[in-house]
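Trainee: Let me give you the structure first, and then I'll get to my questions.
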Amino acid sequence: MVLINRFERRFSLKLAFWYVLAKIKFIHPILPKKLRNLLPTGWNFHMFWTAFKSGGTRIYNDYYCKLKESISYKPKVSVAPEFQFSEEDIKFFYNNGYIGPFDLISSEEAKNLRDHLVNSVVNIPSKIWEYEFQQETGLAAELFPDSEDTNELTEEYKQYILSQVNKTDRHIDDPKLLNLFQQPSIVERSAQLLGPDIILWRSDCFEVPPHAKGTPWHQSSHWLLHNMRESVANPLDREELFQITCWIALTDANREKGCMTLIPGTHKEIYPLKLNRKASDVNTTYRYDKGEIDYPIDQASHKLIEVKAGQFFLFSERVIHGAIPNKTDSSRWAVNCRIAKASTRFFSKKMFEEGHQITYHKVKNVSLDKWKAILLRGTDRFGYNPLLEQSIGDG
Ligand SMILES: O=C(O)CCC(=O)C(=O)O
């Protein structure tokens, strides 16, 4: 084991103590809350060992696992011919981590939706999320020590978080967005990959402003992302394909205008982040800017996903992805949604009862009262998630 400096050695010793304590579950109720918040309860041994060996300079921000090879590439449901995938298509998805693009709405409809989004959604305070601000605490703060200049909860920072919050899960209070995600073109294709019973649990809006640098490379299957300790997404089998993302362009997204880019095949394994433990040399608030993904990005072949306004593609959010810079004078807009097997439990009982923490955003007591999953297709035989009462096609 090579421990380069004393900060790293100290970190490893602390982590070993927390990891052992995390495994002794029966004593958790009597531990002080401050200590409990330091326990990596949702980590497996590989995650601990990687962080320990590296003195905390390599950290998983997602649950470490590998994707199992599928035993069959047959579509999991039969659908109308216009949405039909072949076995070759499904094999392509399993090998590469994406498929598409496909047509969804006309470019005129996409433009109208973009206008609606900009004028009537992302600038209107979300009624879905209530939260309070708090400096990063617990394990997340230990893992990602902030440099001094970002430690402040400035007004500017609070506005930034508000704008992020306003873009998240707006399908719950915006029928137009919900209706878009419920289109058979998306649902029927997703069901062939995931199975007949599927839910939508998260959506987001993404702007790459004129001449902005795009979205950094990342993987995002929402295992630990929120507080670095516990999983947000809990499928029956972590190594199965349990979730996919649908990404819909509301403006053209091409090599001039901030299109998505991904590294085919990287969805088969989760990679750690590389960090500087001495002091944070990265100081942006966007979560994965706090570390660079530990993958030879420069040597890999990048696939640009160029799409026209109104088209979408499906991908595994575990594939290493990002968006390239927007060189044009107008914003690139897109919306996405995460679609999962209905057997996946999102958020834990404790998160519902005690309020959720998104420590990397410096927010606590996030109320999940208004959060609901949407049954997109089939039935929910599990009852793990509160469902929004809305029939398909409403809106
Ligand atoms: O649209 C973007 O720039 C990023 C989208 C993204 O990261 C995602 O859909 O997971």
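Going by the structure tokens order, chains are called A, B, ..., each with residues numbered from 1, while ligands are numbered from 1 in the order shown.
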Residues within 7 Å of ligand 1 (only C-alpha atoms and all ligand atoms), as a PDB file with C-alpha atoms, in the first residue's frame?

Mentor:
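Just written: selection.pdb:
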ATOM      1  CA  PHE A 206     -30.493  20.576 -18.882  1.00  0.00           C
ATOM      2  CA  GLU A 207     -29.342  23.820 -20.387  1.00  0.00           C
ATOM      3  CA  VAL A 208     -25.935  24.287 -21.965  1.00  0.00           C
ATOM      4  CA  GLY A 214     -20.861  21.490 -21.542  1.00  0.00           C
ATOM      5  CA  THR A 215     -21.433  18.788 -18.943  1.00  0.00           C
ATOM      6  CA  SER A 220     -24.870   8.475 -12.597  1.00  0.00           C
ATOM      7  CA  THR A 245     -32.370   7.116 -19.083  1.00  0.00           C
ATOM      8  CA  TRP A 247     -32.746  11.994 -23.083  1.00  0.00           C
ATOM      9  CA  MET A 260     -24.207  14.440 -25.633  1.00  0.00           C
ATOM     10  CA  GLU A 317     -26.826   6.299 -16.976  1.00  0.00           C
ATOM     11  CA  HIS A 321     -21.214  10.450 -20.457  1.00  0.00           C
ATOM     12  CA  GLY A 322     -21.262  14.227 -20.659  1.00  0.00           C
ATOM     13  CA  ALA A 323     -21.980  16.990 -23.156  1.00  0.00           C
ATOM     14  CA  ALA A 334     -32.864  18.936 -23.162  1.00  0.00           C
ATOM     15  CA  ASN A 336     -34.307  13.562 -19.355  1.00  0.00           C
TER      16      ASN A 336
END

Trainee: Enumerate as a ChimeraX atom specification all residues of stretch 304-365 of chain A assigned to strand (DSSP E or B) by DSSP on the backbone, naming them with the chain letters and numbers the document uses.

Mentor: /A:304-305,307,311-315,321-323,326,332-341,345-346,356-358,363-365

Trainee: Any chance you could export the current selection's C-alpha atoms as a CSV table (one decimal), in the first residue's frame?

Mentor:
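Generated output (again34.csv):
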chain,number,residue,atom,x,y,z
A,304,LEU,CA,-21.2,11.9,-30.1
A,305,ILE,CA,-24.9,11.5,-30.1
A,307,VAL,CA,-29.9,14.6,-32.5
A,311,GLN,CA,-35.6,13.3,-31.0
A,312,PHE,CA,-34.6,11.2,-28.1
A,313,PHE,CA,-32.2,8.4,-27.3
A,314,LEU,CA,-32.0,5.8,-24.5
A,315,PHE,CA,-28.9,5.1,-22.5
A,321,HIS,CA,-21.2,10.4,-20.5
A,322,GLY,CA,-21.3,14.2,-20.7
A,323,ALA,CA,-22.0,17.0,-23.2
A,326,ASN,CA,-21.9,24.7,-27.1
A,332,ARG,CA,-29.0,23.9,-26.0
A,333,TRP,CA,-32.0,22.5,-24.0
A,334,ALA,CA,-32.9,18.9,-23.2
A,335,VAL,CA,-34.9,17.0,-20.6
A,336,ASN,CA,-34.3,13.6,-19.4
A,337,CYS,CA,-36.1,11.0,-17.2
A,338,ARG,CA,-34.9,7.9,-15.4
A,339,ILE,CA,-37.1,4.8,-16.0
A,340,ALA,CA,-36.7,1.8,-13.8
A,341,LYS,CA,-38.2,-1.6,-13.1
A,345,ARG,CA,-37.2,1.0,-4.3
A,346,PHE,CA,-36.3,4.6,-4.4
A,356,HIS,CA,-33.5,13.4,3.0
A,357,GLN,CA,-30.1,15.0,2.9
A,358,ILE,CA,-28.3,16.0,-0.2
A,363,VAL,CA,-29.2,20.8,1.8
A,364,LYS,CA,-30.9,18.9,4.6
A,365,ASN,CA,-34.5,18.0,5.6

Trainee: Just checking: using only C-alpha atoms, which residue out of A:Arg229, A:Pro216, A:Leu178, A:Ile99 ends up closest to A:Phe48?

Mentor: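 Ranking A:Arg229, A:Pro216, A:Leu178, A:Ile99 by distance to A:Phe48, first place goes to A:Arg229.
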
Trainee: Quick one, how far is atom CA of A:Gly310 from atom CA of A:Trp129?

Mentor: 28.1 Å

Trainee: If I take atom CA of A:Gln182 and atom CA of A:Thr261, how far is one from the other in Å, to one decimal?

Mentor: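 Taking atom CA of A:Gln182 as the start and atom CA of A:Thr261 as the end point, the length is 25.1 Å.
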
Trainee: If you run DSSP on the backbone here, which positions in stretch 143-341 of chain A get helix (DSSP H, G or I)? Please write them as a ChimeraX atom specification.

Mentor: /A:143,148-150,155-165,170-172,175-181,184-194,266-268,287-290,297-299

Trainee: Report, in Å with one decimal, the straight-line distance from atom CA of A:Leu273 to atom CA of A:Asn96.

Mentor: 21.7 Å

Trainee: Tell me, as a ChimeraX atom specification, which residues lie within 12 Å of stretch 295-299 of chain A, counting only C-alpha atoms; anything in the same chain fewer than 2 positions away does not count.

Mentor: /A:58,216-219,261-264,266,269-274,291-293,301-303,319-322

Trainee: Produce a file of the selected residues containing N, CA and C atoms, as a PDB file, in the first residue's frame.

Mentor:
ATOM      1  N   ARG A  58      -9.089   7.769  -4.133  1.00  0.00           N
ATOM      2  CA  ARG A  58      -9.991   7.135  -5.122  1.00  0.00           C
ATOM      3  C   ARG A  58     -11.243   6.713  -4.371  1.00  0.00           C
ATOM      4  N   PRO A 216     -19.626  17.876 -17.551  1.00  0.00           N
ATOM      5  CA  PRO A 216     -18.437  17.029 -17.329  1.00  0.00           C
ATOM      6  C   PRO A 216     -18.751  15.537 -17.438  1.00  0.00           C
ATOM      7  N   TRP A 217     -17.741  14.759 -17.734  1.00  0.00           N
ATOM      8  CA  TRP A 217     -17.883  13.298 -17.832  1.00  0.00           C
ATOM      9  C   TRP A 217     -18.311  12.723 -16.475  1.00  0.00           C
ATOM     10  N   HIS A 218     -19.268  11.840 -16.495  1.00  0.00           N
ATOM     11  CA  HIS A 218     -19.683  11.204 -15.235  1.00  0.00           C
ATOM     12  C   HIS A 218     -20.464   9.927 -15.500  1.00  0.00           C
ATOM     13  N   GLN A 219     -20.646   9.151 -14.437  1.00  0.00           N
ATOM     14  CA  GLN A 219     -21.605   8.038 -14.436  1.00  0.00           C
ATOM     15  C   GLN A 219     -22.638   8.424 -13.390  1.00  0.00           C
ATOM     16  N   THR A 261     -22.179  13.194 -25.369  1.00  0.00           N
ATOM     17  CA  THR A 261     -21.084  12.331 -25.796  1.00  0.00           C
ATOM     18  C   THR A 261     -20.963  11.219 -24.767  1.00  0.00           C
ATOM     19  N   LEU A 262     -20.561  10.035 -25.199  1.00  0.00           N
ATOM     20  CA  LEU A 262     -20.432   8.933 -24.248  1.00  0.00           C
ATOM     21  C   LEU A 262     -19.331   7.977 -24.692  1.00  0.00           C
ATOM     22  N   ILE A 263     -18.908   7.143 -23.749  1.00  0.00           N
ATOM     23  CA  ILE A 263     -17.864   6.152 -24.053  1.00  0.00           C
ATOM     24  C   ILE A 263     -18.530   4.779 -24.057  1.00  0.00           C
ATOM     25  N   PRO A 264     -18.800   4.262 -25.265  1.00  0.00           N
ATOM     26  CA  PRO A 264     -19.553   3.010 -25.364  1.00  0.00           C
ATOM     27  C   PRO A 264     -18.924   1.886 -24.538  1.00  0.00           C
ATOM     28  N   THR A 266     -18.819   1.487 -21.297  1.00  0.00           N
ATOM     29  CA  THR A 266     -18.360   1.777 -19.925  1.00  0.00           C
ATOM     30  C   THR A 266     -19.457   1.594 -18.876  1.00  0.00           C
ATOM     31  N   GLU A 269     -19.282  -1.361 -15.792  1.00  0.00           N
ATOM     32  CA  GLU A 269     -18.617  -1.303 -14.494  1.00  0.00           C
ATOM     33  C   GLU A 269     -18.677   0.126 -13.952  1.00  0.00           C
ATOM     34  N   ILE A 270     -18.721   0.250 -12.631  1.00  0.00           N
ATOM     35  CA  ILE A 270     -18.689   1.579 -12.015  1.00  0.00           C
ATOM     36  C   ILE A 270     -17.231   1.928 -11.686  1.00  0.00           C
ATOM     37  N   TYR A 271     -16.844   3.156 -12.004  1.00  0.00           N
ATOM     38  CA  TYR A 271     -15.456   3.595 -11.763  1.00  0.00           C
ATOM     39  C   TYR A 271     -15.428   4.629 -10.630  1.00  0.00           C
ATOM     40  N   PRO A 272     -14.290   4.663  -9.894  1.00  0.00           N
ATOM     41  CA  PRO A 272     -14.208   5.654  -8.807  1.00  0.00           C
ATOM     42  C   PRO A 272     -13.832   7.041  -9.315  1.00  0.00           C
ATOM     43  N   LEU A 273     -13.893   8.005  -8.413  1.00  0.00           N
ATOM     44  CA  LEU A 273     -13.404   9.355  -8.715  1.00  0.00           C
ATOM     45  C   LEU A 273     -11.984   9.494  -8.182  1.00  0.00           C
ATOM     46  N   LYS A 274     -11.180  10.292  -8.872  1.00  0.00           N
ATOM     47  CA  LYS A 274      -9.841  10.601  -8.371  1.00  0.00           C
ATOM     48  C   LYS A 274      -9.924  11.929  -7.619  1.00  0.00           C
ATOM     49  N   GLY A 291     -14.357  15.676  -8.373  1.00  0.00           N
ATOM     50  CA  GLY A 291     -13.332  14.689  -8.680  1.00  0.00           C
ATOM     51  C   GLY A 291     -13.468  14.311 -10.127  1.00  0.00           C
ATOM     52  N   GLU A 292     -12.390  13.787 -10.644  1.00  0.00           N
ATOM     53  CA  GLU A 292     -12.414  13.405 -12.064  1.00  0.00           C
ATOM     54  C   GLU A 292     -12.601  11.896 -12.102  1.00  0.00           C
ATOM     55  N   ILE A 293     -13.385  11.403 -13.009  1.00  0.00           N
ATOM     56  CA  ILE A 293     -13.617   9.958 -13.044  1.00  0.00           C
ATOM     57  C   ILE A 293     -12.311   9.230 -13.397  1.00  0.00           C
ATOM     58  N   SER A 301     -12.553   5.846 -27.156  1.00  0.00           N
ATOM     59  CA  SER A 301     -13.261   6.446 -28.291  1.00  0.00           C
ATOM     60  C   SER A 301     -14.600   7.004 -27.811  1.00  0.00           C
ATOM     61  N   HIS A 302     -14.851   8.238 -28.215  1.00  0.00           N
ATOM     62  CA  HIS A 302     -16.047   8.946 -27.750  1.00  0.00           C
ATOM     63  C   HIS A 302     -17.107   8.904 -28.839  1.00  0.00           C
ATOM     64  N   LYS A 303     -18.309   8.626 -28.439  1.00  0.00           N
ATOM     65  CA  LYS A 303     -19.412   8.614 -29.413  1.00  0.00           C
ATOM     66  C   LYS A 303     -20.246   9.877 -29.199  1.00  0.00           C
ATOM     67  N   VAL A 319     -23.214   4.521 -18.228  1.00  0.00           N
ATOM     68  CA  VAL A 319     -22.211   4.730 -19.272  1.00  0.00           C
ATOM     69  C   VAL A 319     -21.533   6.074 -18.980  1.00  0.00           C
ATOM     70  N   ILE A 320     -20.214   6.158 -19.129  1.00  0.00           N
ATOM     71  CA  ILE A 320     -19.543   7.441 -18.867  1.00  0.00           C
ATOM     72  C   ILE A 320     -20.010   8.417 -19.941  1.00  0.00           C
ATOM     73  N   HIS A 321     -20.618   9.530 -19.493  1.00  0.00           N
ATOM     74  CA  HIS A 321     -21.214  10.450 -20.457  1.00  0.00           C
ATOM     75  C   HIS A 321     -21.048  11.892 -20.012  1.00  0.00           C
ATOM     76  N   GLY A 322     -21.332  12.790 -20.927  1.00  0.00           N
ATOM     77  CA  GLY A 322     -21.262  14.227 -20.659  1.00  0.00           C
ATOM     78  C   GLY A 322     -21.786  14.941 -21.895  1.00  0.00           C
TER      79      GLY A 322
END

Trainee: What's around A:Ala373 at 6 Å? Count only C-alpha atoms, leave out sequence neighbours fewer than 4 positions away in its own chain, and write the answer as a list of chain:residue names.

Mentor: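 Near neighbours after the sequence-gap exclusion: A:Leu200, A:Trp201, A:Leu387, A:Leu388.
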
Trainee: Excluding A:Trp18 and residues on its chain fewer than 2 positions from it, collect all residues at most 12 Å away from it, counting only C-alpha atoms, and give them as a compact mmCIF listing (two decimals) with N, CA and C atoms, in the first residue's frame.

Mentor:
# COMPACT_ATOMS: atom_id res chain seq x y z
N PHE A 11 -6.80 9.69 6.90
CA PHE A 11 -8.10 9.39 6.34
C PHE A 11 -8.35 7.87 6.34
N SER A 12 -7.36 7.09 5.91
CA SER A 12 -7.54 5.63 5.83
C SER A 12 -7.83 5.03 7.20
N LEU A 13 -7.14 5.52 8.21
CA LEU A 13 -7.37 4.97 9.55
C LEU A 13 -8.80 5.27 10.01
N LYS A 14 -9.23 6.50 9.76
CA LYS A 14 -10.60 6.87 10.16
C LYS A 14 -11.60 6.00 9.39
N LEU A 15 -11.35 5.88 8.10
CA LEU A 15 -12.30 5.13 7.26
C LEU A 15 -12.41 3.67 7.73
N ALA A 16 -11.28 3.07 8.09
CA ALA A 16 -11.30 1.67 8.55
C ALA A 16 -12.18 1.56 9.80
N VAL A 20 -15.76 -0.61 9.86
CA VAL A 20 -16.02 -1.70 10.80
C VAL A 20 -17.30 -1.38 11.59
N LEU A 21 -17.40 -0.15 12.06
CA LEU A 21 -18.61 0.23 12.81
C LEU A 21 -19.87 0.09 11.95
N ALA A 22 -19.75 0.44 10.67
CA ALA A 22 -20.92 0.36 9.76
C ALA A 22 -21.46 -1.06 9.68
N LYS A 23 -20.55 -2.03 9.82
CA LYS A 23 -20.97 -3.44 9.71
C LYS A 23 -21.61 -3.94 11.00
N ILE A 24 -21.34 -3.28 12.13
CA ILE A 24 -21.92 -3.74 13.41
C ILE A 24 -23.25 -3.00 13.60
N LYS A 25 -24.24 -3.46 12.88
CA LYS A 25 -25.49 -2.70 12.75
C LYS A 25 -26.23 -2.51 14.08
N HIS A 28 -25.80 0.73 16.02
CA HIS A 28 -26.06 2.04 15.40
C HIS A 28 -27.06 2.90 16.19
N LEU A 31 -25.44 5.02 18.82
CA LEU A 31 -24.32 5.91 18.47
C LEU A 31 -24.81 7.35 18.33
N LYS A 34 -23.86 12.28 14.96
CA LYS A 34 -22.70 12.78 14.22
C LYS A 34 -21.82 11.62 13.73
N LEU A 35 -21.67 10.63 14.62
CA LEU A 35 -20.85 9.47 14.24
C LEU A 35 -21.61 8.61 13.22
N ARG A 36 -22.91 8.44 13.45
CA ARG A 36 -23.71 7.63 12.51
C ARG A 36 -23.62 8.19 11.10
N ASN A 37 -23.58 9.54 11.00
CA ASN A 37 -23.51 10.16 9.67
C ASN A 37 -22.18 9.94 8.96
N LEU A 38 -21.24 9.36 9.71
CA LEU A 38 -19.94 9.10 9.09
C LEU A 38 -19.81 7.66 8.61
N LEU A 39 -20.79 6.84 8.90
CA LEU A 39 -20.63 5.42 8.59
C LEU A 39 -21.05 5.10 7.16
N PRO A 40 -20.15 4.49 6.41
CA PRO A 40 -20.48 4.17 5.01
C PRO A 40 -21.36 2.92 4.93
N THR A 41 -22.59 3.04 5.42
CA THR A 41 -23.47 1.87 5.55
C THR A 41 -23.82 1.22 4.21
N GLY A 42 -23.80 2.02 3.14
CA GLY A 42 -24.18 1.46 1.83
C GLY A 42 -22.99 1.02 0.99
N TRP A 43 -21.81 0.95 1.57
CA TRP A 43 -20.63 0.58 0.78
C TRP A 43 -20.40 -0.93 0.83
N PHE A 48 -14.74 0.14 0.02
CA PHE A 48 -13.92 0.47 1.19
C PHE A 48 -12.44 0.28 0.86
N PHE A 52 -9.53 2.93 1.02
CA PHE A 52 -8.52 2.71 2.08
C PHE A 52 -7.11 2.68 1.48
N GLY A 138 -20.93 15.14 7.89
CA GLY A 138 -20.87 13.69 7.82
C GLY A 138 -19.86 13.19 6.80
N LEU A 139 -20.15 12.01 6.29
CA LEU A 139 -19.19 11.34 5.41
C LEU A 139 -18.89 12.16 4.15
N GLU A 142 -16.33 14.67 4.82
CA GLU A 142 -15.01 14.06 5.01
C GLU A 142 -14.41 13.62 3.68
N ARG A 229 -23.41 7.83 1.55
CA ARG A 229 -23.47 6.74 2.52
C ARG A 229 -24.45 5.66 2.12

Trainee: Could you check which of A:Ile172, A:Leu113, A:Val118, A:Val187 is closest to A:Phe83, using only C-alpha atoms?

Mentor: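 Distance minimum relative to A:Phe83 lands on A:Val187.
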
Trainee: Give me, as JSON, numbers by chain, all polymer residues having an atom no more than 9 Å from A:Glu389, counting only C-alpha atoms and skipping those fewer than 6 positions away in the same chain.

Mentor: {"A": [372, 374, 375]}

Trainee: Between A:Leu153, A:Ser70, A:Glu82, A:Ile161, which one has atoms that come closest to A:Tyr94, using only C-alpha atoms?

Mentor: A:Ser70

Trainee: Write out as a list in words which residues come within 10 Å of A:Arg381 when counting only C-alpha atoms, dropping same-chain ones fewer than 3 positions away.

Mentor: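 What passes the distance filter is Asp197, Ala342, Ser343, Gly378 and Tyr384 of chain A.
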
Trainee: Please write the residues from the selection above to a file, keeping N, CA and C atoms, as a compact mmCIF listing (two decimals), in the first residue's frame.

Mentor:
# COMPACT_ATOMS: atom_id res chain seq x y z
N ASP A 197 -43.29 -3.96 -16.44
CA ASP A 197 -43.73 -3.07 -15.36
C ASP A 197 -42.65 -2.03 -15.09
N ALA A 342 -40.32 -1.57 -11.91
CA ALA A 342 -41.20 -1.21 -10.79
C ALA A 342 -40.74 -1.86 -9.49
N SER A 343 -39.88 -2.85 -9.60
CA SER A 343 -39.40 -3.54 -8.39
C SER A 343 -38.25 -2.81 -7.71
N GLY A 378 -47.76 -1.29 -17.23
CA GLY A 378 -47.92 -2.54 -16.47
C GLY A 378 -48.50 -2.28 -15.10
N TYR A 384 -43.42 -0.48 -3.48
CA TYR A 384 -42.26 0.12 -2.79
C TYR A 384 -42.29 1.65 -2.82

Trainee: With only C-alpha atoms as the atoms that count, which of A:Gly195, A:Arg202, A:Asp369, A:Arg189 lies nearest to A:Pro81?

Mentor: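 Ranked by minimum distance to A:Pro81, first place goes to A:Arg189.
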
Trainee: Name the closest residue to A:Leu250 among the candidates A:His116, A:Lys66, A:Lys327, A:His211; distances are taken between atoms, counting only C-alpha atoms.

Mentor: A:His116

Trainee: Between A:Ser86, A:Thr328, A:Gln135, A:Ser348, which has the minimum distance to A:Asp252 (counting only C-alpha atoms)?

Mentor: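 Answer, going by the shortest atom-to-atom distance: A:Thr328.
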